[in-house]
>>> print(open('start.csv').read())   # CSV, C-alpha atoms and all ligand atoms
chain,number,residue,atom,x,y,z
Q,1,MET,CA,25.7,-16.1,36.3
Q,2,GLU,CA,22.8,-18.5,36.2
Q,3,SER,CA,19.8,-17.5,38.4
Q,4,THR,CA,18.8,-19.8,41.3
Q,5,ASN,CA,15.7,-20.9,39.4
Q,6,SER,CA,17.6,-21.8,36.3
Q,7,LYS,CA,20.2,-23.7,38.4
Q,8,VAL,CA,17.4,-25.6,40.1
Q,9,SER,CA,15.9,-26.6,36.8
Q,10,SER,CA,19.3,-27.6,35.4
Q,11,VAL,CA,19.8,-29.9,38.4
Q,12,ARG,CA,16.3,-31.4,38.0
Q,13,HIS,CA,16.8,-31.9,34.3
Q,14,PHE,CA,20.1,-33.8,35.1
Q,15,ASN,CA,18.3,-35.9,37.8
Q,16,ARG,CA,15.6,-36.9,35.3
Q,17,PHE,CA,18.2,-37.8,32.7
Q,18,TYR,CA,20.4,-39.7,35.0
Q,19,THR,CA,17.6,-41.7,36.7
Q,20,ARG,CA,16.5,-42.8,33.2
Q,21,GLN,CA,20.1,-43.8,32.5
Q,22,ILE,CA,20.4,-45.7,35.7
Q,23,GLY,CA,16.9,-47.3,35.1
Q,24,VAL,CA,18.3,-48.6,31.8
Q,25,LEU,CA,21.4,-50.0,33.6
Q,26,ASN,CA,19.3,-51.6,36.3
Q,27,GLN,CA,17.3,-53.5,33.8
Q,28,GLY,CA,20.3,-55.9,34.0
Q,29,LEU,CA,19.2,-56.7,37.5
Q,30,LEU,CA,15.8,-57.9,36.2
Q,31,ASP,CA,17.7,-60.9,34.8
Q,32,SER,CA,18.5,-61.8,38.4
Q,33,PRO,CA,15.9,-62.7,41.1
Q,34,TYR,CA,16.8,-59.6,43.1
Q,35,SER,CA,15.2,-56.2,43.4
Q,36,LEU,CA,17.5,-53.1,43.3
Q,37,THR,CA,17.3,-52.8,47.1
Q,38,GLU,CA,18.0,-56.5,47.7
Q,39,ALA,CA,21.0,-56.1,45.4
Q,40,ARG,CA,22.3,-53.2,47.5
Q,41,VAL,CA,21.9,-55.2,50.7
Q,42,LEU,CA,23.8,-58.1,49.1
Q,43,TYR,CA,26.5,-55.7,47.9
Q,44,GLU,CA,26.9,-54.2,51.4
Q,45,LEU,CA,27.0,-57.6,53.1
Q,46,ALA,CA,29.7,-58.7,50.7
Q,47,GLN,CA,31.8,-55.6,51.4
Q,48,LYS,CA,31.8,-56.3,55.2
Q,49,GLU,CA,32.8,-59.6,56.4
Q,50,THR,CA,30.3,-59.4,59.2
Q,51,CYS,CA,27.8,-56.7,60.3
Q,52,THR,CA,24.6,-56.2,62.3
Q,53,ALA,CA,21.2,-55.4,60.8
Q,54,THR,CA,21.3,-52.0,62.6
Q,55,GLU,CA,24.6,-51.2,60.9
Q,56,LEU,CA,23.2,-52.2,57.5
Q,57,GLY,CA,20.1,-50.2,58.0
Q,58,SER,CA,21.9,-47.0,58.8
Q,59,GLU,CA,24.5,-47.5,56.0
Q,60,LEU,CA,21.8,-48.0,53.4
Q,61,ASN,CA,19.3,-45.6,55.0
Q,62,LEU,CA,16.7,-48.3,54.9
Q,63,ASP,CA,13.5,-48.8,57.0
Q,64,MET,CA,14.3,-51.5,59.6
Q,65,GLY,CA,11.1,-53.4,59.0
Q,66,TYR,CA,11.7,-53.6,55.2
Q,67,LEU,CA,15.3,-54.6,55.8
Q,68,SER,CA,14.2,-57.4,58.3
Q,69,ARG,CA,11.9,-58.9,55.6
Q,70,ILE,CA,14.8,-58.8,53.0
Q,71,LEU,CA,17.2,-60.5,55.5
Q,72,ALA,CA,14.6,-63.2,56.4
Q,73,ASN,CA,14.1,-63.9,52.7
Q,74,PHE,CA,17.9,-64.2,52.2
Q,75,GLN,CA,18.1,-66.6,55.1
Q,76,LYS,CA,15.3,-68.7,53.7
Q,77,LYS,CA,17.1,-68.9,50.4
Q,78,GLY,CA,20.3,-69.9,52.2
Q,79,LEU,CA,22.2,-66.8,51.3
Q,80,LEU,CA,22.7,-65.5,54.8
Q,81,GLN,CA,24.2,-66.9,58.0
Q,82,LYS,CA,23.2,-65.5,61.4
Q,83,GLU,CA,24.8,-66.0,64.8
Q,84,ALA,CA,24.1,-64.3,68.1
Q,85,SER,CA,26.3,-61.4,69.0
Q,86,PRO,CA,28.5,-62.1,72.0
Q,87,GLN,CA,28.4,-58.3,72.9
Q,88,ASP,CA,24.7,-57.7,72.5
Q,89,LYS,CA,22.1,-60.5,72.8
Q,90,ARG,CA,19.5,-58.5,70.9
Q,91,GLN,CA,21.7,-58.3,67.8
Q,92,SER,CA,22.7,-61.0,65.4
Q,93,ILE,CA,26.0,-61.1,63.5
Q,94,LEU,CA,25.3,-61.4,59.8
Q,95,ARG,CA,27.5,-62.8,57.1
Q,96,LEU,CA,26.9,-64.1,53.6
Q,97,SER,CA,26.9,-67.9,53.2
Q,98,PRO,CA,29.0,-69.4,50.3
Q,99,SER,CA,25.9,-69.4,48.1
Q,100,GLY,CA,25.3,-65.8,49.2
Q,101,GLN,CA,28.8,-65.0,48.0
Q,102,ALA,CA,28.2,-66.8,44.7
Q,103,ALA,CA,25.0,-64.8,44.2
Q,104,PHE,CA,26.8,-61.6,44.9
Q,105,ALA,CA,29.7,-62.5,42.6
Q,106,LEU,CA,27.3,-63.0,39.7
Q,107,LEU,CA,25.4,-59.8,40.4
Q,108,ASN,CA,28.6,-57.9,40.7
Q,109,GLN,CA,30.0,-59.2,37.4
Q,110,ARG,CA,26.7,-58.4,35.6
Q,111,SER,CA,26.7,-54.9,37.1
Q,112,SER,CA,30.3,-54.3,36.0
Q,113,GLN,CA,29.5,-55.5,32.5
Q,114,GLU,CA,26.6,-53.0,32.3
Q,115,ILE,CA,28.9,-50.1,33.2
Q,116,LYS,CA,31.5,-51.3,30.8
Q,117,GLY,CA,28.9,-51.3,28.1
Q,118,MET,CA,27.9,-47.8,29.0
Q,119,LEU,CA,31.5,-46.6,29.0
Q,120,SER,CA,32.4,-48.4,25.7
Q,121,ALA,CA,30.1,-46.0,23.8
Q,122,LEU,CA,32.5,-43.2,24.8
Q,123,SER,CA,36.1,-42.5,23.6
Q,124,ALA,CA,38.9,-42.8,26.2
Q,125,PRO,CA,39.1,-39.0,26.9
Q,126,GLU,CA,35.3,-38.9,27.2
Q,127,GLN,CA,35.4,-41.7,29.7
Q,128,GLU,CA,37.9,-39.8,31.8
Q,129,GLN,CA,35.8,-36.7,31.5
Q,130,LEU,CA,32.7,-38.6,32.7
Q,131,VAL,CA,34.5,-40.2,35.7
Q,132,LYS,CA,36.0,-36.9,36.7
Q,133,ALA,CA,32.7,-35.1,36.5
Q,134,MET,CA,31.1,-37.9,38.6
Q,135,GLN,CA,33.8,-37.6,41.2
Q,136,THR,CA,33.2,-33.8,41.3
Q,137,VAL,CA,29.5,-34.3,41.9
Q,138,GLU,CA,30.2,-36.8,44.7
Q,139,ARG,CA,32.8,-34.5,46.3
Q,140,LEU,CA,30.6,-31.4,46.2
Q,141,LEU,CA,27.5,-33.2,47.5
Q,142,SER,CA,29.2,-35.1,50.3
Q,143,PRO,CA,29.2,-33.7,53.8
Q,144,ARG,CA,32.1,-31.4,54.2
Q,145,PRO,CA,34.9,-32.7,56.4
Q,146,GLN,CA,35.7,-30.3,59.2
Q,147,GLU,CA,39.4,-30.2,58.7
Q,148,ARG,CA,40.9,-27.8,56.2
Q,149,PRO,CA,41.6,-29.4,52.8
Q,150,ALA,CA,45.3,-29.7,52.1
Q,151,PHE,CA,46.9,-27.7,49.2
Q,152,ILE,CA,50.1,-28.1,47.3
Q,153,ILE,CA,52.2,-25.4,45.5
Q,154,ARG,CA,53.9,-26.4,42.3
Q,155,PRO,CA,55.5,-24.7,39.2
Q,156,PRO,CA,53.2,-23.9,36.3
Q,157,GLN,CA,52.8,-26.5,33.6
Q,158,PRO,CA,51.6,-26.2,30.0
Q,159,GLY,CA,47.9,-25.3,30.1
Q,160,ASP,CA,48.1,-23.5,33.4
Q,161,MET,CA,48.6,-20.0,31.8
Q,162,GLY,CA,45.3,-20.4,30.0
Q,163,TRP,CA,43.6,-21.3,33.3
Q,164,VAL,CA,45.2,-18.2,35.0
Q,165,VAL,CA,43.8,-15.9,32.3
Q,166,SER,CA,40.4,-17.6,32.2
Q,167,ARG,CA,40.0,-17.5,36.0
Q,168,HIS,CA,41.1,-13.8,36.2
Q,169,GLY,CA,38.6,-12.9,33.5
Q,170,ALA,CA,35.7,-14.8,35.0
Q,171,LEU,CA,36.3,-13.9,38.7
Q,172,TYR,CA,36.9,-10.2,38.3
Q,173,ALA,CA,33.8,-10.0,36.2
Q,174,GLN,CA,31.8,-12.0,38.8
Q,175,GLU,CA,33.2,-10.3,41.9
Q,176,TYR,CA,34.0,-6.7,40.8
Q,177,GLN,CA,32.1,-6.4,37.5
Q,178,TRP,CA,35.3,-5.6,35.5
Q,179,ASP,CA,34.7,-6.0,31.8
Q,180,ILE,CA,36.4,-8.4,29.4
Q,181,SER,CA,39.2,-5.9,28.7
Q,182,PHE,CA,40.7,-7.1,32.0
Q,183,GLU,CA,40.9,-10.6,30.6
Q,184,ALA,CA,42.9,-9.2,27.6
Q,185,PHE,CA,45.1,-7.3,30.1
Q,186,VAL,CA,45.9,-10.5,32.0
Q,187,ALA,CA,46.4,-12.5,28.8
Q,188,LYS,CA,49.1,-10.0,27.8
Q,189,ILE,CA,50.9,-10.3,31.1
Q,190,ALA,CA,50.6,-14.1,30.9
Q,191,ALA,CA,52.0,-14.2,27.3
Q,192,ASP,CA,54.9,-11.9,28.2
Q,193,PHE,CA,55.7,-14.1,31.2
Q,194,ILE,CA,56.0,-17.1,28.9
Q,195,LEU,CA,57.8,-15.4,26.0
Q,196,ASN,CA,60.4,-13.5,28.2
Q,197,PHE,CA,60.8,-16.0,31.0
Q,198,ASP,CA,64.1,-15.8,32.8
Q,199,ALA,CA,64.3,-19.0,34.8
Q,200,GLN,CA,67.0,-17.6,37.1
Q,201,LYS,CA,65.2,-14.5,38.2
Q,202,GLU,CA,61.5,-15.2,37.6
Q,203,ARG,CA,59.0,-17.8,38.8
Q,204,GLY,CA,55.4,-18.8,38.9
Q,205,TRP,CA,53.5,-20.8,41.4
Q,206,ILE,CA,50.2,-22.8,41.0
Q,207,ALA,CA,48.3,-23.9,44.1
Q,208,GLU,CA,46.2,-27.1,43.8
Q,209,VAL,CA,43.5,-28.4,46.1
Q,210,ALA,CA,42.3,-32.0,45.6
Q,211,GLY,CA,44.1,-32.2,42.3
Q,212,GLU,CA,42.4,-29.1,40.8
Q,213,ASN,CA,44.0,-25.7,40.2
Q,214,ALA,CA,43.0,-23.3,43.0
Q,215,GLY,CA,45.4,-20.4,42.9
Q,216,CYS,CA,48.4,-18.7,41.4
Q,217,VAL,CA,51.0,-16.0,41.7
Q,218,PHE,CA,53.9,-14.9,39.5
Q,219,MET,CA,57.1,-13.0,40.0
Q,220,VAL,CA,58.8,-11.1,37.1
Q,221,LYS,CA,62.0,-9.2,36.8
Q,222,LYS,CA,61.4,-5.4,36.6
Q,223,SER,CA,65.1,-4.4,36.8
Q,224,ASP,CA,68.2,-6.0,38.3
Q,225,GLU,CA,67.2,-4.6,41.7
Q,226,VAL,CA,63.4,-4.8,41.5
Q,227,ALA,CA,61.1,-7.8,41.1
Q,228,LYS,CA,57.3,-7.5,40.6
Q,229,LEU,CA,54.6,-9.7,42.1
Q,230,ARG,CA,51.8,-10.3,39.6
Q,231,MET,CA,48.5,-12.2,39.0
Q,232,LEU,CA,47.8,-13.3,42.6
Q,233,LEU,CA,44.4,-15.1,42.6
Q,234,VAL,CA,42.7,-17.8,44.6
Q,235,ASP,CA,39.5,-19.5,43.5
Q,236,PRO,CA,36.6,-18.6,45.9
Q,237,GLN,CA,36.0,-22.2,47.0
Q,238,ALA,CA,39.6,-22.4,48.1
Q,239,ARG,CA,39.8,-19.0,49.9
Q,240,GLY,CA,40.5,-18.7,53.6
Q,241,LEU,CA,42.8,-21.7,53.7
Q,242,GLY,CA,46.0,-19.6,53.8
Q,243,ILE,CA,46.8,-20.2,50.1
Q,244,GLY,CA,47.0,-16.5,49.2
Q,245,LYS,CA,49.3,-15.8,52.1
Q,246,ARG,CA,51.5,-18.8,51.3
Q,247,LEU,CA,51.8,-17.8,47.6
Q,248,VAL,CA,52.9,-14.3,48.6
Q,249,GLU,CA,55.4,-15.8,51.1
Q,250,GLU,CA,56.8,-18.0,48.3
Q,251,CYS,CA,57.2,-14.9,46.1
Q,252,VAL,CA,59.0,-12.9,48.8
Q,253,ARG,CA,61.3,-15.8,49.6
Q,254,PHE,CA,62.3,-16.3,46.0
Q,255,ALA,CA,62.8,-12.5,45.5
Q,256,ARG,CA,65.2,-12.5,48.4
Q,257,GLN,CA,66.9,-15.7,47.1
Q,258,CYS,CA,67.5,-14.0,43.8
Q,259,GLY,CA,69.1,-11.0,45.5
Q,260,TYR,CA,66.5,-8.3,44.5
Q,261,GLN,CA,66.5,-5.3,46.7
Q,262,LYS,CA,62.8,-4.6,46.4
Q,263,LEU,CA,59.6,-6.5,45.6
Q,264,THR,CA,56.9,-4.2,44.2
Q,265,LEU,CA,53.3,-4.8,43.1
Q,266,TRP,CA,50.3,-3.0,41.6
Q,267,THR,CA,46.9,-3.6,43.1
Q,268,ASN,CA,43.5,-1.9,43.5
Q,269,SER,CA,42.0,-0.3,46.6
Q,270,CYS,CA,38.9,-2.6,46.3
Q,271,LEU,CA,40.9,-5.8,46.6
Q,272,LEU,CA,40.6,-5.8,50.4
Q,273,ALA,CA,41.8,-9.4,51.2
Q,274,ALA,CA,44.9,-9.0,49.0
Q,275,ARG,CA,45.7,-5.6,50.6
Q,276,HIS,CA,45.4,-7.3,54.0
Q,277,ILE,CA,47.9,-10.1,53.0
Q,278,TYR,CA,50.4,-7.5,51.5
Q,279,GLN,CA,50.2,-5.5,54.7
Q,280,GLN,CA,50.8,-8.5,56.9
Q,281,ALA,CA,53.8,-9.5,54.7
Q,282,GLY,CA,55.3,-6.1,55.4
Q,283,PHE,CA,54.5,-4.3,52.1
Q,284,GLN,CA,54.0,-0.5,52.4
Q,285,LEU,CA,51.6,1.5,50.3
Q,286,THR,CA,53.7,4.0,48.3
Q,287,GLU,CA,51.4,5.4,45.6
Q,288,SER,CA,47.7,5.6,45.0
Q,289,GLU,CA,46.0,7.0,41.9
Q,290,ALA,CA,42.4,7.1,40.7
Q,291,TYR,CA,41.9,5.9,37.1
Q,292,HIS,CA,39.1,4.5,34.8
Q,293,ASP,CA,39.6,1.1,33.1
Q,294,PHE,CA,38.1,-2.3,32.8
Q,295,GLY,CA,34.7,-0.5,32.7
Q,296,GLN,CA,35.1,0.8,36.3
Q,297,ASP,CA,36.2,3.8,38.3
Q,298,LEU,CA,39.2,2.4,40.3
Q,299,VAL,CA,42.0,3.4,42.6
Q,300,GLY,CA,45.3,1.8,41.6
Q,301,GLU,CA,47.9,1.3,44.3
Q,302,ILE,CA,51.6,0.5,44.3
Q,303,TRP,CA,52.9,-1.5,47.3
Q,304,ASP,CA,56.6,-2.1,47.9
Q,305,LEU,CA,58.6,-4.4,50.2
Q,306,GLU,CA,62.2,-3.6,50.9
Q,307,LEU,CA,64.0,-7.0,50.9
Q,401,LIG,C1,43.4,-12.1,47.8
Q,401,LIG,C2,43.2,-13.6,47.7
Q,401,LIG,C3,44.3,-14.1,46.7
Q,401,LIG,C4,43.4,-14.2,49.1
Q,401,LIG,O1,43.4,-15.6,48.9
Q,401,LIG,P1,43.1,-16.6,50.2
Q,401,LIG,O2,43.7,-17.9,49.9
Q,401,LIG,O3,41.7,-16.5,50.7
Q,401,LIG,O4,44.1,-15.9,51.3
Q,401,LIG,P2,44.4,-16.4,52.8
Q,401,LIG,O5,43.5,-17.4,53.2
Q,401,LIG,O6,45.9,-16.7,52.8
Q,401,LIG,O7,44.2,-15.1,53.6
Q,401,LIG,C5,43.2,-14.2,53.5
Q,401,LIG,C6,43.4,-13.1,54.5
Q,401,LIG,O8,42.6,-12.0,54.1
Q,401,LIG,C7,41.7,-11.7,55.1
Q,401,LIG,N1,40.5,-11.2,54.5
Q,401,LIG,C8,39.5,-11.9,53.8
Q,401,LIG,N2,38.6,-11.0,53.3
Q,401,LIG,C9,39.0,-9.8,53.7
Q,401,LIG,C10,38.4,-8.5,53.6
Q,401,LIG,N3,37.3,-8.3,52.9
Q,401,LIG,N4,39.0,-7.4,54.1
Q,401,LIG,C11,40.2,-7.6,54.8
Q,401,LIG,N5,40.8,-8.8,55.0
Q,401,LIG,C12,40.2,-9.9,54.5
Q,401,LIG,C13,41.5,-13.0,55.9
Q,401,LIG,O9,41.0,-12.7,57.2
Q,401,LIG,C14,42.9,-13.5,55.9
Q,401,LIG,O10,43.7,-12.9,56.8
Q,401,LIG,P3,44.2,-13.5,58.2
Q,401,LIG,O11,44.9,-14.8,57.8
Q,401,LIG,O12,45.0,-12.5,58.8
Q,401,LIG,O13,42.9,-13.8,58.9
Q,401,LIG,C15,41.8,-13.9,47.2
Q,401,LIG,O14,40.9,-13.3,48.0
Q,401,LIG,C16,41.5,-13.5,45.8
Q,401,LIG,O15,41.9,-14.2,44.8
Q,401,LIG,N6,41.0,-12.3,45.6
Q,401,LIG,C17,40.6,-11.7,44.3
Q,401,LIG,C18,41.9,-11.4,43.5
Q,401,LIG,C19,42.8,-10.4,44.1
Q,401,LIG,O16,42.4,-9.6,44.8
Q,401,LIG,N7,44.1,-10.6,43.8
Q,401,LIG,C20,45.1,-9.6,44.2
Q,401,LIG,C21,45.5,-8.9,43.0
Q,401,LIG,S1,46.7,-7.6,43.3
>>> encode(input="start.csv", output="structure tokens")
Amino acid sequence: MESTNSKVSSVRHFNRFYTRQIGVLNQGLLDSPYSLTEARVLYELAQKETCTATELGSELNLDMGYLSRILANFQKKGLLQKEASPQDKRQSILRLSPSGQAAFALLNQRSSQEIKGMLSALSAPEQEQLVKAMQTVERLLSPRPQERPAFIIRPPQPGDMGWVVSRHGALYAQEYQWDISFEAFVAKIAADFILNFDAQKERGWIAEVAGENAGCVFMVKKSDEVAKLRMLLVDPQARGLGIGKRLVEECVRFARQCGYQKLTLWTNSCLLAARHIYQQAGFQLTESEAYHDFGQDLVGEIWDLEL
């Protein structure tokens, strides 16, 4: 994992790069009579049919004195109409005049052309990658909403098994210092699941949060009577939302539906959250054995649920 210092310098490096990039784009604005801040004020006024100077100031995080000068200038140029607010005598209701709207339309068109120009240097998949990455930056840096993010559970699709293997390898190394032989171990389980898949008696579930894979679990046939739960994992940023519990519930429900008599699983004593979920779901610890693998001294456990 990157150290804090190297993360900080990566972010700063990106900031320098992107402000240069934006600076190049904003040169387009120099062809118009407006500064970057004036353009932002025009944009905001055009988005709202009417608003007050206070609303604009807090939306754009602008100093009120500076904003007043910009608005007075817009009014002088005939871009802005002002009328007294019926609710609050100290406030004026602001709206763009027809020439203000025309000025905005021109600026808006120029700005879109600049971005189109930037995107046209990239291939279609690269454009998608860029937009997705920008959305990720915005999502991660926006204030977190208080409510729990929603998740969906769906069947695996092509490409998902590679994700399952990759996340197992990365997360067990990061969280439990297991070596890369664990990734090979999971890769084998994943490949066997695909190659020997019995659609009637076996199933996989992928959890998604905000359109991104966030968790998984699989159920395979061990014998006619016994099914096995495998590869339960939830990405750290999606933990605590009830995804792990729900994935185990799906597995139990499907095992019952298939007519199995027992659902079994193999886990490790250090996987405390998983053990808690299995216990809550009614699984019983039936075997426990110390072993050395994946570069660690571990205690393997078998948990069973009579169905
Ligand atoms: C196990 C795992 C899938 C749980 O995912 P999750 O989406 O966070 O699970 P949930 O939100 O449904 O529930 C987590 C439960 O574990 C509990 N828990 C969390 N950390 C715990 C800990 N250190 N010790 C005991 N319980 C813990 C939570 O309190 C919660 O229980 P509650 O609902 O009764 O309060 C996730 O932690 C994970 O991927 N761990 C690493 C991989 C792993 O252990 N896989 C199992 C392989 S056998």
>>> atom_distance(input="start.csv", atom1="CA of Ala84 in chain Q", atom2="CA of Asn108 in chain Q")
28.5 Å
>>> residues_around(input="start.csv", residues="Met64 in chain Q", least_positions_apart="4", cutoff="9 Å", atoms="all atoms listed in the file", output="PyMOL selection string")
chain Q and resi 53-54+57-58+68-69
>>> atom_distance(input="start.csv", atom1="CA of Gly282 in chain Q", atom2="CA of Lys221 in chain Q")
20.0 Å
>>> closest_atom_pairs(input="start.csv", of="chain Q", to="ligand LIG 401 (chain Q)", cutoff="10 Å", atoms="all atoms listed in the file", output="Markdown table")
| residue | atom | partner | partner_atom | distance |
| --- | --- | --- | --- | --- |
| Q:Arg167 | CA | Q:LIG401 | O15 | 9.6 |
| Q:His168 | CA | Q:LIG401 | C18 | 7.7 |
| Q:Leu171 | CA | Q:LIG401 | C17 | 7.4 |
| Q:Tyr172 | CA | Q:LIG401 | C17 | 7.2 |
| Q:Glu175 | CA | Q:LIG401 | C17 | 7.9 |
| Q:Tyr176 | CA | Q:LIG401 | C17 | 9.0 |
| Q:Ala207 | CA | Q:LIG401 | O2 | 9.5 |
| Q:Ala214 | CA | Q:LIG401 | O2 | 8.8 |
| Q:Gly215 | CA | Q:LIG401 | O15 | 7.4 |
| Q:Cys216 | CA | Q:LIG401 | C3 | 8.1 |
| Q:Val217 | CA | Q:LIG401 | C3 | 8.6 |
| Q:Leu229 | CA | Q:LIG401 | S1 | 8.3 |
| Q:Arg230 | CA | Q:LIG401 | S1 | 6.9 |
| Q:Met231 | CA | Q:LIG401 | C21 | 6.0 |
| Q:Leu232 | CA | Q:LIG401 | N7 | 4.7 |
| Q:Leu233 | CA | Q:LIG401 | O15 | 3.4 |
| Q:Val234 | CA | Q:LIG401 | O15 | 3.7 |
| Q:Asp235 | CA | Q:LIG401 | O15 | 6.0 |
| Q:Pro236 | CA | Q:LIG401 | O15 | 7.0 |
| Q:Gln237 | CA | Q:LIG401 | O3 | 8.9 |
| Q:Ala238 | CA | Q:LIG401 | O2 | 6.3 |
| Q:Arg239 | CA | Q:LIG401 | O3 | 3.2 |
| Q:Gly240 | CA | Q:LIG401 | O5 | 3.3 |
| Q:Leu241 | CA | Q:LIG401 | O5 | 4.4 |
| Q:Gly242 | CA | Q:LIG401 | O6 | 3.1 |
| Q:Ile243 | CA | Q:LIG401 | O2 | 3.9 |
| Q:Gly244 | CA | Q:LIG401 | O4 | 3.6 |
| Q:Lys245 | CA | Q:LIG401 | O6 | 3.6 |
| Q:Arg246 | CA | Q:LIG401 | O6 | 6.2 |
| Q:Leu247 | CA | Q:LIG401 | O6 | 7.9 |
| Q:Val248 | CA | Q:LIG401 | O6 | 8.5 |
| Q:Glu249 | CA | Q:LIG401 | O6 | 9.7 |
| Q:Leu265 | CA | Q:LIG401 | S1 | 7.2 |
| Q:Trp266 | CA | Q:LIG401 | S1 | 6.1 |
| Q:Thr267 | CA | Q:LIG401 | S1 | 4.0 |
| Q:Asn268 | CA | Q:LIG401 | S1 | 6.5 |
| Q:Ser269 | CA | Q:LIG401 | S1 | 9.3 |
| Q:Cys270 | CA | Q:LIG401 | O16 | 8.0 |
| Q:Leu271 | CA | Q:LIG401 | O16 | 4.5 |
| Q:Leu272 | CA | Q:LIG401 | N4 | 4.3 |
| Q:Ala273 | CA | Q:LIG401 | C12 | 3.7 |
| Q:Ala274 | CA | Q:LIG401 | C1 | 3.6 |
| Q:Arg275 | CA | Q:LIG401 | C11 | 7.2 |
| Q:His276 | CA | Q:LIG401 | N5 | 4.9 |
| Q:Ile277 | CA | Q:LIG401 | C6 | 5.6 |
| Q:Tyr278 | CA | Q:LIG401 | S1 | 9.0 |
| Q:Gln279 | CA | Q:LIG401 | O12 | 9.6 |
| Q:Gln280 | CA | Q:LIG401 | O12 | 7.3 |
| Q:Gly300 | CA | Q:LIG401 | S1 | 9.7 |
| Q:Glu301 | CA | Q:LIG401 | S1 | 9.0 |
| Q:Ile302 | CA | Q:LIG401 | S1 | 9.5 |
| Q:Trp303 | CA | Q:LIG401 | S1 | 9.6 |
>>> atom_distance(input="start.csv", atom1="CA of Ser97 in chain Q", atom2="CA of Glu59 in chain Q")
20.7 Å
>>> closest_residue(input="start.csv", among="Q:Gly117, Q:Val186, Q:Glu49, Q:Tyr34", to="Lys77 in chain Q", atoms="only C-alpha atoms")
Q:Tyr34
>>> closest_residue(input="start.csv", among="Q:Phe182, Q:Tyr260, Q:Phe17, Q:Phe74", to="Met219 in chain Q", atoms="all atoms listed in the file")
Q:Tyr260
>>> closest_residue(input="start.csv", among="Q:Ala184, Q:Leu96, Q:Cys258, Q:Ile70", to="Asp198 in chain Q", atoms="all atoms listed in the file")
Q:Cys258
>>> residues_around(input="start.csv", residues="Arg40 in chain Q", least_positions_apart="2", cutoff="12 Å", atoms="only C-alpha atoms", output="list in words")
Asn26, Leu29, Tyr34, Ser35, Leu36, Thr37, Glu38, Leu42, Tyr43, Glu44, Leu45, Ala46, Gln47, Leu56, Gly57, Glu59, Leu60, Asn61, Leu62, Leu67, Ile70, Leu71, Phe104, Leu107, Asn108 and Ser111 of chain Q
>>> residues_near_point(input="start.csv", point="(25.9, -58.1, 68.2)", cutoff="12 Å", atoms="all atoms listed in the file", output="mmCIF file with C-alpha atoms, in the frame of the given file")
data_model
loop_
_atom_site.group_PDB
_atom_site.id
_atom_site.type_symbol
_atom_site.label_atom_id
_atom_site.label_comp_id
_atom_site.auth_asym_id
_atom_site.auth_seq_id
_atom_site.Cartn_x
_atom_site.Cartn_y
_atom_site.Cartn_z
ATOM 1 C CA THR Q 50 30.300 -59.400 59.200
ATOM 2 C CA CYS Q 51 27.800 -56.700 60.300
ATOM 3 C CA THR Q 52 24.600 -56.200 62.300
ATOM 4 C CA ALA Q 53 21.200 -55.400 60.800
ATOM 5 C CA THR Q 54 21.300 -52.000 62.600
ATOM 6 C CA GLU Q 55 24.600 -51.200 60.900
ATOM 7 C CA LYS Q 82 23.200 -65.500 61.400
ATOM 8 C CA GLU Q 83 24.800 -66.000 64.800
ATOM 9 C CA ALA Q 84 24.100 -64.300 68.100
ATOM 10 C CA SER Q 85 26.300 -61.400 69.000
ATOM 11 C CA PRO Q 86 28.500 -62.100 72.000
ATOM 12 C CA GLN Q 87 28.400 -58.300 72.900
ATOM 13 C CA ASP Q 88 24.700 -57.700 72.500
ATOM 14 C CA LYS Q 89 22.100 -60.500 72.800
ATOM 15 C CA ARG Q 90 19.500 -58.500 70.900
ATOM 16 C CA GLN Q 91 21.700 -58.300 67.800
ATOM 17 C CA SER Q 92 22.700 -61.000 65.400
ATOM 18 C CA ILE Q 93 26.000 -61.100 63.500
ATOM 19 C CA LEU Q 94 25.300 -61.400 59.800
#
>>> closest_residue(input="start.csv", among="Q:Thr264, Q:Ser120, Q:Asn15, Q:Ser288", to="Lys222 in chain Q", atoms="all atoms listed in the file")
Q:Thr264
>>> closest_residue(input="start.csv", among="Q:Asp160, Q:Asp224, Q:Asp31, Q:Glu128", to="Arg110 in chain Q", atoms="only C-alpha atoms")
Q:Asp31
>>> closest_residue(input="start.csv", among="Q:Leu263, Q:Val137, Q:Ile115, Q:Leu298", to="Phe14 in chain Q", atoms="all atoms listed in the file")
Q:Val137
>>> decode(input="start.csv", residues="range 215-234 of chain Q", atoms="C-alpha atoms", output="mmCIF file, in the first residue's frame")
data_model
loop_
_atom_site.group_PDB
_atom_site.id
_atom_site.type_symbol
_atom_site.label_atom_id
_atom_site.label_comp_id
_atom_site.auth_asym_id
_atom_site.auth_seq_id
_atom_site.Cartn_x
_atom_site.Cartn_y
_atom_site.Cartn_z
ATOM 1 C CA GLY Q 215 -19.323 -8.157 -2.744
ATOM 2 C CA CYS Q 216 -19.845 -11.799 -3.682
ATOM 3 C CA VAL Q 217 -20.696 -15.271 -2.501
ATOM 4 C CA PHE Q 218 -21.011 -18.649 -4.246
ATOM 5 C CA MET Q 219 -22.759 -21.901 -3.515
ATOM 6 C CA VAL Q 220 -21.476 -25.161 -5.007
ATOM 7 C CA LYS Q 221 -22.738 -28.737 -4.896
ATOM 8 C CA LYS Q 222 -20.599 -30.980 -2.679
ATOM 9 C CA SER Q 223 -22.883 -34.013 -2.900
ATOM 10 C CA ASP Q 224 -26.598 -34.582 -3.528
ATOM 11 C CA GLU Q 225 -27.273 -33.758 0.139
ATOM 12 C CA VAL Q 226 -24.616 -31.168 0.904
ATOM 13 C CA ALA Q 227 -23.984 -27.705 -0.567
ATOM 14 C CA LYS Q 228 -20.934 -25.551 0.191
ATOM 15 C CA LEU Q 229 -20.822 -21.787 0.629
ATOM 16 C CA ARG Q 230 -17.634 -20.284 -0.850
ATOM 17 C CA MET Q 231 -15.827 -17.003 -1.499
ATOM 18 C CA LEU Q 232 -17.867 -14.639 0.678
ATOM 19 C CA LEU Q 233 -16.310 -11.183 0.421
ATOM 20 C CA VAL Q 234 -17.426 -7.565 0.769
#
